[in-house]
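A short worksheet on the structure shown next.
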Amino acid sequence: MHVVNNSLMHLLIYSLTYPIILGISKLPWRLFYALSSCIYILVYYVIRYRRKTVTENLTLVFPEKSKKEINSIRKAFYKHMCDMFLEMTKSLSISREELIKRYKVVNLDEFHEFEKKNKSIIALMGHYGSFEWSNAIDLVSINPCVGIYKQIKNKHFDNLAHRIRGRFNSRLIASHKVARQIIKDKKDETVCAYGMISDQSPKINNAKYWTDFMGIKVPIFMGGEFLAQRLDLIVLYLHVEKVKRGHYEVRFIPISESSNSEEKYYVIKQYLQLLEKQIREKPQYYLWTHKRWKHRNVQKPEGAIVD
């Protein structure tokens, strides 16, 4: 009965919110971002969504900044966050041409050269800039691009995520199935580019490797490096820069063309350095609402490597 009630509740939530989401997605850009500005005022000043977490994170990683500087970054972050999550809704109706224009790969020729090596690619990403429009890369790539994502508990919204990607024939793989699927692709000689967000905080019982991120010793999610080295994938960093509202420039930065010959932790360290550089330059575009540094003071599991 409890499962049935949950299922009905999920359906009800989806049925009520989907028409609103679809309506927002069809707004002209000027009205669309005017709505985002209104939502920012509501989220920041009224609801105060995770403001304590954001302030704690910013203060932790930028101890040299004044309270005024922290508040300025915080406000700019919330404005960007509202833009970015509202832009998710645009994926329901945005045209192929518009998406390519607004999420532009600036070194596409270099990316094509990597694709021509007949090896699959894993592009490591961070919660930086815009990660929701990354399927635009699939519209300009030679080989199929595959998004790796965390499955949504509400199956109706999970199906919606697949449907959005399906508009442009892109694939999604749930994170708990990723190793099995990439191995299958390799056996089938299917060459792809896989996009993976890799700055999550792992569960503490899986926290086997700890190193500095933004000057704080934290456990590191190792899935990207593990897959790259096991399957000898080309590893690239997806550098996403917000140029202005609704416009992003994407650059692929090589980390390793022969990842299975690299020393252990080389791939993940290079990735973290590239991401940290972006965050320090323009911190307002990182997703500060996540409790990325929550494990910094906990006891490390037995056998954990601390670098």
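Residue numbering restarts at 1 in every chain; chains get A, B, ... in the order shown in the structure tokens, and ligands count up from 1 in that same order.
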
Strand (DSSP E) call set, DSSP backbone run, region 169-247 of chain A, as JSON, numbers by chain: {"A": [171, 172, 173, 174, 193, 194, 195, 196, 197, 209, 210, 211, 212, 213, 216, 217, 218, 219, 234, 235, 236, 237, 238, 239, 240, 241, 242, 243, 244, 247]}

Written selection (N, CA and C atoms) as an mmCIF file, in the first residue's frame:
data_model
loop_
_atom_site.group_PDB
_atom_site.id
_atom_site.type_symbol
_atom_site.label_atom_id
_atom_site.label_comp_id
_atom_site.auth_asym_id
_atom_site.auth_seq_id
_atom_site.Cartn_x
_atom_site.Cartn_y
_atom_site.Cartn_z
ATOM 1 N N ARG A 171 21.675 9.388 -25.844
ATOM 2 C CA ARG A 171 21.487 8.312 -24.872
ATOM 3 C C ARG A 171 21.793 8.809 -23.464
ATOM 4 N N LEU A 172 21.126 8.197 -22.490
ATOM 5 C CA LEU A 172 21.431 8.392 -21.087
ATOM 6 C C LEU A 172 21.699 7.041 -20.455
ATOM 7 N N ILE A 173 22.671 6.980 -19.544
ATOM 8 C CA ILE A 173 22.928 5.765 -18.774
ATOM 9 C C ILE A 173 22.861 6.124 -17.300
ATOM 10 N N ALA A 174 22.048 5.401 -16.535
ATOM 11 C CA ALA A 174 22.010 5.603 -15.087
ATOM 12 C C ALA A 174 23.367 5.222 -14.498
ATOM 13 N N ALA A 193 31.423 8.885 -26.834
ATOM 14 C CA ALA A 193 31.978 9.845 -25.873
ATOM 15 C C ALA A 193 31.007 9.902 -24.701
ATOM 16 N N TYR A 194 31.506 9.583 -23.512
ATOM 17 C CA TYR A 194 30.677 9.538 -22.313
ATOM 18 C C TYR A 194 30.947 10.784 -21.464
ATOM 19 N N GLY A 195 29.886 11.447 -21.043
ATOM 20 C CA GLY A 195 30.038 12.612 -20.174
ATOM 21 C C GLY A 195 29.710 12.247 -18.740
ATOM 22 N N MET A 196 30.640 12.528 -17.820
ATOM 23 C CA MET A 196 30.431 12.152 -16.424
ATOM 24 C C MET A 196 30.790 13.308 -15.493
ATOM 25 N N ILE A 197 29.847 13.689 -14.626
ATOM 26 C CA ILE A 197 30.133 14.658 -13.569
ATOM 27 C C ILE A 197 30.869 13.918 -12.456
ATOM 28 N N TYR A 209 39.928 7.206 -1.390
ATOM 29 C CA TYR A 209 41.012 8.118 -1.760
ATOM 30 C C TYR A 209 40.646 9.534 -1.358
ATOM 31 N N TRP A 210 41.558 10.185 -0.615
ATOM 32 C CA TRP A 210 41.340 11.544 -0.112
ATOM 33 C C TRP A 210 42.466 12.443 -0.622
ATOM 34 N N THR A 211 42.085 13.605 -1.127
ATOM 35 C CA THR A 211 43.095 14.581 -1.553
ATOM 36 C C THR A 211 42.498 15.979 -1.441
ATOM 37 N N ASP A 212 43.299 16.990 -1.765
ATOM 38 C CA ASP A 212 42.843 18.374 -1.628
ATOM 39 C C ASP A 212 41.945 18.781 -2.789
ATOM 40 N N PHE A 213 40.828 19.383 -2.446
ATOM 41 C CA PHE A 213 39.966 20.039 -3.422
ATOM 42 C C PHE A 213 39.587 21.391 -2.841
ATOM 43 N N ILE A 216 40.892 21.834 0.749
ATOM 44 C CA ILE A 216 40.318 21.031 1.828
ATOM 45 C C ILE A 216 40.495 19.558 1.491
ATOM 46 N N LYS A 217 40.960 18.781 2.467
ATOM 47 C CA LYS A 217 41.145 17.340 2.254
ATOM 48 C C LYS A 217 39.781 16.644 2.300
ATOM 49 N N VAL A 218 39.390 16.050 1.174
ATOM 50 C CA VAL A 218 38.069 15.410 1.071
ATOM 51 C C VAL A 218 38.176 14.086 0.310
ATOM 52 N N PRO A 219 37.194 13.197 0.491
ATOM 53 C CA PRO A 219 37.160 11.974 -0.317
ATOM 54 C C PRO A 219 36.769 12.299 -1.748
ATOM 55 N N ILE A 234 40.103 7.550 -23.726
ATOM 56 C CA ILE A 234 40.693 8.887 -23.805
ATOM 57 C C ILE A 234 39.968 9.757 -22.780
ATOM 58 N N VAL A 235 40.715 10.504 -21.987
ATOM 59 C CA VAL A 235 40.102 11.337 -20.948
ATOM 60 C C VAL A 235 40.261 12.806 -21.310
ATOM 61 N N LEU A 236 39.137 13.512 -21.343
ATOM 62 C CA LEU A 236 39.126 14.949 -21.599
ATOM 63 C C LEU A 236 38.411 15.652 -20.445
ATOM 64 N N TYR A 237 38.748 16.911 -20.261
ATOM 65 C CA TYR A 237 38.025 17.736 -19.297
ATOM 66 C C TYR A 237 37.097 18.660 -20.073
ATOM 67 N N LEU A 238 35.836 18.709 -19.659
ATOM 68 C CA LEU A 238 34.863 19.565 -20.317
ATOM 69 C C LEU A 238 34.847 20.920 -19.605
ATOM 70 N N HIS A 239 35.508 21.876 -20.226
ATOM 71 C CA HIS A 239 35.625 23.234 -19.679
ATOM 72 C C HIS A 239 34.448 24.053 -20.199
ATOM 73 N N VAL A 240 33.534 24.413 -19.312
ATOM 74 C CA VAL A 240 32.334 25.152 -19.685
ATOM 75 C C VAL A 240 32.429 26.569 -19.114
ATOM 76 N N GLU A 241 32.315 27.560 -19.975
ATOM 77 C CA GLU A 241 32.396 28.947 -19.531
ATOM 78 C C GLU A 241 31.103 29.671 -19.904
ATOM 79 N N LYS A 242 30.525 30.361 -18.924
ATOM 80 C CA LYS A 242 29.320 31.145 -19.185
ATOM 81 C C LYS A 242 29.739 32.492 -19.759
ATOM 82 N N VAL A 243 29.332 32.763 -20.979
ATOM 83 C CA VAL A 243 29.698 34.005 -21.659
ATOM 84 C C VAL A 243 28.736 35.123 -21.260
ATOM 85 N N LYS A 244 27.450 34.800 -21.286
ATOM 86 C CA LYS A 244 26.391 35.699 -20.829
ATOM 87 C C LYS A 244 25.159 34.842 -20.608
ATOM 88 N N HIS A 247 24.161 31.692 -22.769
ATOM 89 C CA HIS A 247 25.192 31.412 -23.761
ATOM 90 C C HIS A 247 26.448 30.867 -23.071
#

Test item, helix (DSSP H, G or I) assignment across region 70-297 of chain A, answer as number ranges by chain: A: 70-90, 96-102, 108-115, 134-139, 155-166, 175-187, 204-206, 223-231, 259-261, 266-281, 283-285

Pairwise distance for CA of Ser91 (chain A) and CA of Leu272 (chain A), rounded to one decimal in Å: 28.6 Å

Shortest interatomic distance to Ala34 (chain A) - which of A:Ile100, A:Leu86, A:Val191, A:Leu124, counting only C-alpha atoms: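 Between A:Ile100, A:Leu86, A:Val191, A:Leu124, the residue approaching Ala34 (chain A) most closely is A:Leu86.
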
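Proximity to region 13-25 of chain A at 9 Å, evaluated using only C-alpha atoms and with sequence-adjacent residues fewer than 3 positions away removed, yields Leu8, Met9, His10, Pro28, Phe32, Leu35, Leu86, Glu87, Met88, Thr89, Lys90, Ser91, Leu92, Ser93, Ile94, Asn154, His156 and Phe157 of chain A.
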
Option closest in space to Asn205 (chain A), from A:Ile70, A:Leu275, A:Phe221, A:Ser170 [counting only C-alpha atoms]: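 Of A:Ile70, A:Leu275, A:Phe221, A:Ser170, the one nearest Asn205 (chain A) is A:Phe221, counting only C-alpha atoms.
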
12 Å contact set for Arg50 (chain A), only C-alpha atoms, chain neighbours under 2 positions out, as a ChimeraX atom specification: /A:43-48,52-57,74,78,287-291

Which residue of A:Leu58, A:Ile253, A:Leu108, A:Leu31 approaches Pro283 (chain A) most closely, using only C-alpha atoms: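 Among the listed residues, the smallest separation from Pro283 (chain A) belongs to A:Leu58.
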
Among listed residues A:Lys26, A:Lys208, A:Arg230, A:His127, nearest Ala304 (chain A) (using only C-alpha atoms): A:Lys208

Interatomic distance (Å, one decimal) between CA of Asn6 (chain A) and CA of Lys177 (chain A): 24.2 Å
